[in-house]
Amino acid sequence: MIQDHSSSSEAVCRDIVNCVSEALIFADTEGVIQIWNPGAEAVFGYSQSESVGQSLDLIIPERLRNAHWSGFRRAVSEGATVHGRRSMVTRSLHKNGHAIYVDMSFAIVKNEAGEVIGSVAIARDVTQQKLAEKNQKPAHA
């Protein structure tokens, strides 16, 4: 969570990050988690103290890590994501070890000088919806 109270706009930003129900995760350019809001705690099961300072591998299934890091490095070096403003459903890991489906959007974060300082992801758990879709039997014509 954002802890800086130096200005009212920063306090508003902190309050927004803390009150949204979606997971909000900010990682630096090395993929180390710097911000982990209460929504992220609810979606992924890890507390802020368990996640901040950890690699994003904490929530990335092992089989998806190579693809994730390849895309992450490309986005950081190019200063933009392949997906733009679109979200995508992907697999992730919950603290309890279960795989979950998350609808996630990503963005590259730059400082005032235009330098990439990390990435932000917004996610919501869509596991129940995806499982319901998978369990529907196709209609017979």
# chains A, B, ... in the order shown; residues from 1 in each chain; ligands from 1
call {"tool": "residues_around", "arguments": {"residues": "A:Ile108", "least_positions_apart": "6", "cutoff": "7 Å", "atoms": "only C-alpha atoms", "output": "list in words"}}
result
Val76, Gly79, Ala80, Thr81, Val116, Gly118, Ser119 and Val120 of chain A
call {"tool": "residues_around", "arguments": {"residues": "A:Leu58", "least_positions_apart": "2", "cutoff": "10 Å", "atoms": "only C-alpha atoms", "output": "ChimeraX atom specification"}}
result
/A:32-33,44,46,50-51,54-56,60-62,92-95
call {"tool": "select_by_dssp", "arguments": {"residues": "chain A", "states": "strand (DSSP E)", "output": "CSV table (one decimal) with N, CA and C atoms, in the first residue's frame"}}
result
chain,number,residue,atom,x,y,z
A,23,ALA,N,-7.7,-6.3,-7.4
A,23,ALA,CA,-6.3,-6.4,-7.0
A,23,ALA,C,-5.5,-5.3,-7.8
A,24,LEU,N,-4.7,-4.6,-7.1
A,24,LEU,CA,-3.8,-3.6,-7.8
A,24,LEU,C,-2.4,-3.9,-7.3
A,25,ILE,N,-1.5,-4.2,-8.3
A,25,ILE,CA,-0.2,-4.6,-8.0
A,25,ILE,C,0.8,-3.8,-8.8
A,26,PHE,N,1.7,-3.2,-8.2
A,26,PHE,CA,2.8,-2.4,-8.9
A,26,PHE,C,4.1,-3.2,-8.6
A,27,ALA,N,4.8,-3.5,-9.7
A,27,ALA,CA,6.1,-4.1,-9.6
A,27,ALA,C,7.2,-3.2,-10.3
A,28,ASP,N,8.4,-3.2,-9.7
A,28,ASP,CA,9.4,-2.4,-10.3
A,28,ASP,C,9.9,-3.0,-11.6
A,33,ILE,N,7.5,-6.9,-6.4
A,33,ILE,CA,6.3,-6.2,-6.0
A,33,ILE,C,6.6,-5.1,-5.0
A,34,GLN,N,6.1,-3.9,-5.3
A,34,GLN,CA,6.3,-2.7,-4.5
A,34,GLN,C,5.0,-2.3,-3.8
A,35,ILE,N,3.8,-2.5,-4.5
A,35,ILE,CA,2.5,-2.1,-4.0
A,35,ILE,C,1.6,-3.3,-4.2
A,36,TRP,N,0.9,-3.6,-3.1
A,36,TRP,CA,0.0,-4.8,-3.0
A,36,TRP,C,-1.2,-4.3,-2.2
A,88,MET,N,-7.1,-9.3,-20.2
A,88,MET,CA,-7.1,-10.7,-20.7
A,88,MET,C,-7.3,-11.6,-19.5
A,89,VAL,N,-7.9,-12.7,-19.8
A,89,VAL,CA,-8.0,-13.8,-18.7
A,89,VAL,C,-6.8,-14.7,-18.8
A,90,THR,N,-6.2,-14.9,-17.6
A,90,THR,CA,-5.1,-15.7,-17.5
A,90,THR,C,-5.1,-16.5,-16.3
A,91,ARG,N,-4.2,-17.5,-16.1
A,91,ARG,CA,-4.1,-18.3,-14.9
A,91,ARG,C,-3.2,-17.6,-14.0
A,92,SER,N,-3.4,-17.8,-12.7
A,92,SER,CA,-2.6,-17.3,-11.6
A,92,SER,C,-2.6,-18.3,-10.5
A,93,LEU,N,-1.8,-18.0,-9.4
A,93,LEU,CA,-1.8,-18.8,-8.3
A,93,LEU,C,-2.3,-18.1,-7.1
A,99,ALA,N,-4.8,-23.1,-8.6
A,99,ALA,CA,-4.8,-22.2,-9.7
A,99,ALA,C,-6.1,-21.4,-9.8
A,100,ILE,N,-6.0,-20.2,-10.1
A,100,ILE,CA,-7.2,-19.4,-10.3
A,100,ILE,C,-7.2,-18.7,-11.7
A,101,TYR,N,-8.4,-18.3,-12.2
A,101,TYR,CA,-8.4,-17.5,-13.4
A,101,TYR,C,-8.6,-16.0,-12.9
A,102,VAL,N,-7.8,-15.1,-13.6
A,102,VAL,CA,-7.9,-13.7,-13.3
A,102,VAL,C,-8.1,-13.0,-14.6
A,103,ASP,N,-9.0,-12.0,-14.6
A,103,ASP,CA,-9.2,-11.0,-15.7
A,103,ASP,C,-8.2,-9.9,-15.3
A,104,MET,N,-7.2,-9.7,-16.1
A,104,MET,CA,-6.1,-8.8,-15.7
A,104,MET,C,-5.8,-7.8,-16.8
A,105,SER,N,-5.5,-6.6,-16.4
A,105,SER,CA,-5.0,-5.6,-17.4
A,105,SER,C,-3.6,-5.1,-16.9
A,106,PHE,N,-2.8,-4.7,-17.8
A,106,PHE,CA,-1.4,-4.3,-17.4
A,106,PHE,C,-1.1,-3.0,-18.0
A,107,ALA,N,-0.2,-2.2,-17.4
A,107,ALA,CA,0.3,-1.0,-18.0
A,107,ALA,C,1.7,-0.8,-17.5
A,108,ILE,N,2.5,-0.1,-18.3
A,108,ILE,CA,3.8,0.3,-18.0
A,108,ILE,C,3.7,1.7,-17.3
A,109,VAL,N,4.4,1.8,-16.2
A,109,VAL,CA,4.4,3.1,-15.4
A,109,VAL,C,5.7,3.8,-15.7
A,110,LYS,N,5.6,5.1,-16.0
A,110,LYS,CA,6.7,5.9,-16.3
A,110,LYS,C,6.7,7.1,-15.3
A,116,VAL,N,10.7,4.4,-17.7
A,116,VAL,CA,9.9,3.3,-17.1
A,116,VAL,C,10.4,3.0,-15.7
A,117,ILE,N,9.4,2.9,-14.8
A,117,ILE,CA,9.8,2.6,-13.4
A,117,ILE,C,9.1,1.3,-12.9
A,118,GLY,N,8.3,0.7,-13.8
A,118,GLY,CA,7.7,-0.5,-13.4
A,118,GLY,C,6.4,-0.8,-14.2
A,119,SER,N,5.6,-1.7,-13.7
A,119,SER,CA,4.4,-2.0,-14.3
A,119,SER,C,3.3,-2.2,-13.2
A,120,VAL,N,2.1,-1.9,-13.7
A,120,VAL,CA,0.9,-2.1,-12.8
A,120,VAL,C,0.0,-3.1,-13.4
A,121,ALA,N,-0.6,-3.9,-12.6
A,121,ALA,CA,-1.6,-4.8,-13.0
A,121,ALA,C,-2.9,-4.6,-12.1
A,122,ILE,N,-4.0,-4.7,-12.8
A,122,ILE,CA,-5.3,-4.7,-12.1
A,122,ILE,C,-6.0,-6.0,-12.4
A,123,ALA,N,-6.5,-6.7,-11.4
A,123,ALA,CA,-7.0,-8.0,-11.6
A,123,ALA,C,-8.2,-8.3,-10.8
A,124,ARG,N,-9.1,-9.1,-11.3
A,124,ARG,CA,-10.2,-9.6,-10.5
A,124,ARG,C,-10.3,-11.1,-10.8
A,125,ASP,N,-10.8,-11.8,-9.7
A,125,ASP,CA,-10.9,-13.3,-9.8
A,125,ASP,C,-12.1,-13.6,-10.6
call {"tool": "atom_distance", "arguments": {"atom1": "atom CA of A:Ser87", "atom2": "atom CA of A:Ser47"}}
result
24.3 Å
call {"tool": "atom_distance", "arguments": {"atom1": "atom CA of A:Glu22", "atom2": "atom CA of A:Lys134"}}
result
23.6 Å
call {"tool": "atom_distance", "arguments": {"atom1": "atom CA of A:Glu78", "atom2": "atom CA of A:Glu115"}}
result
10.7 Å
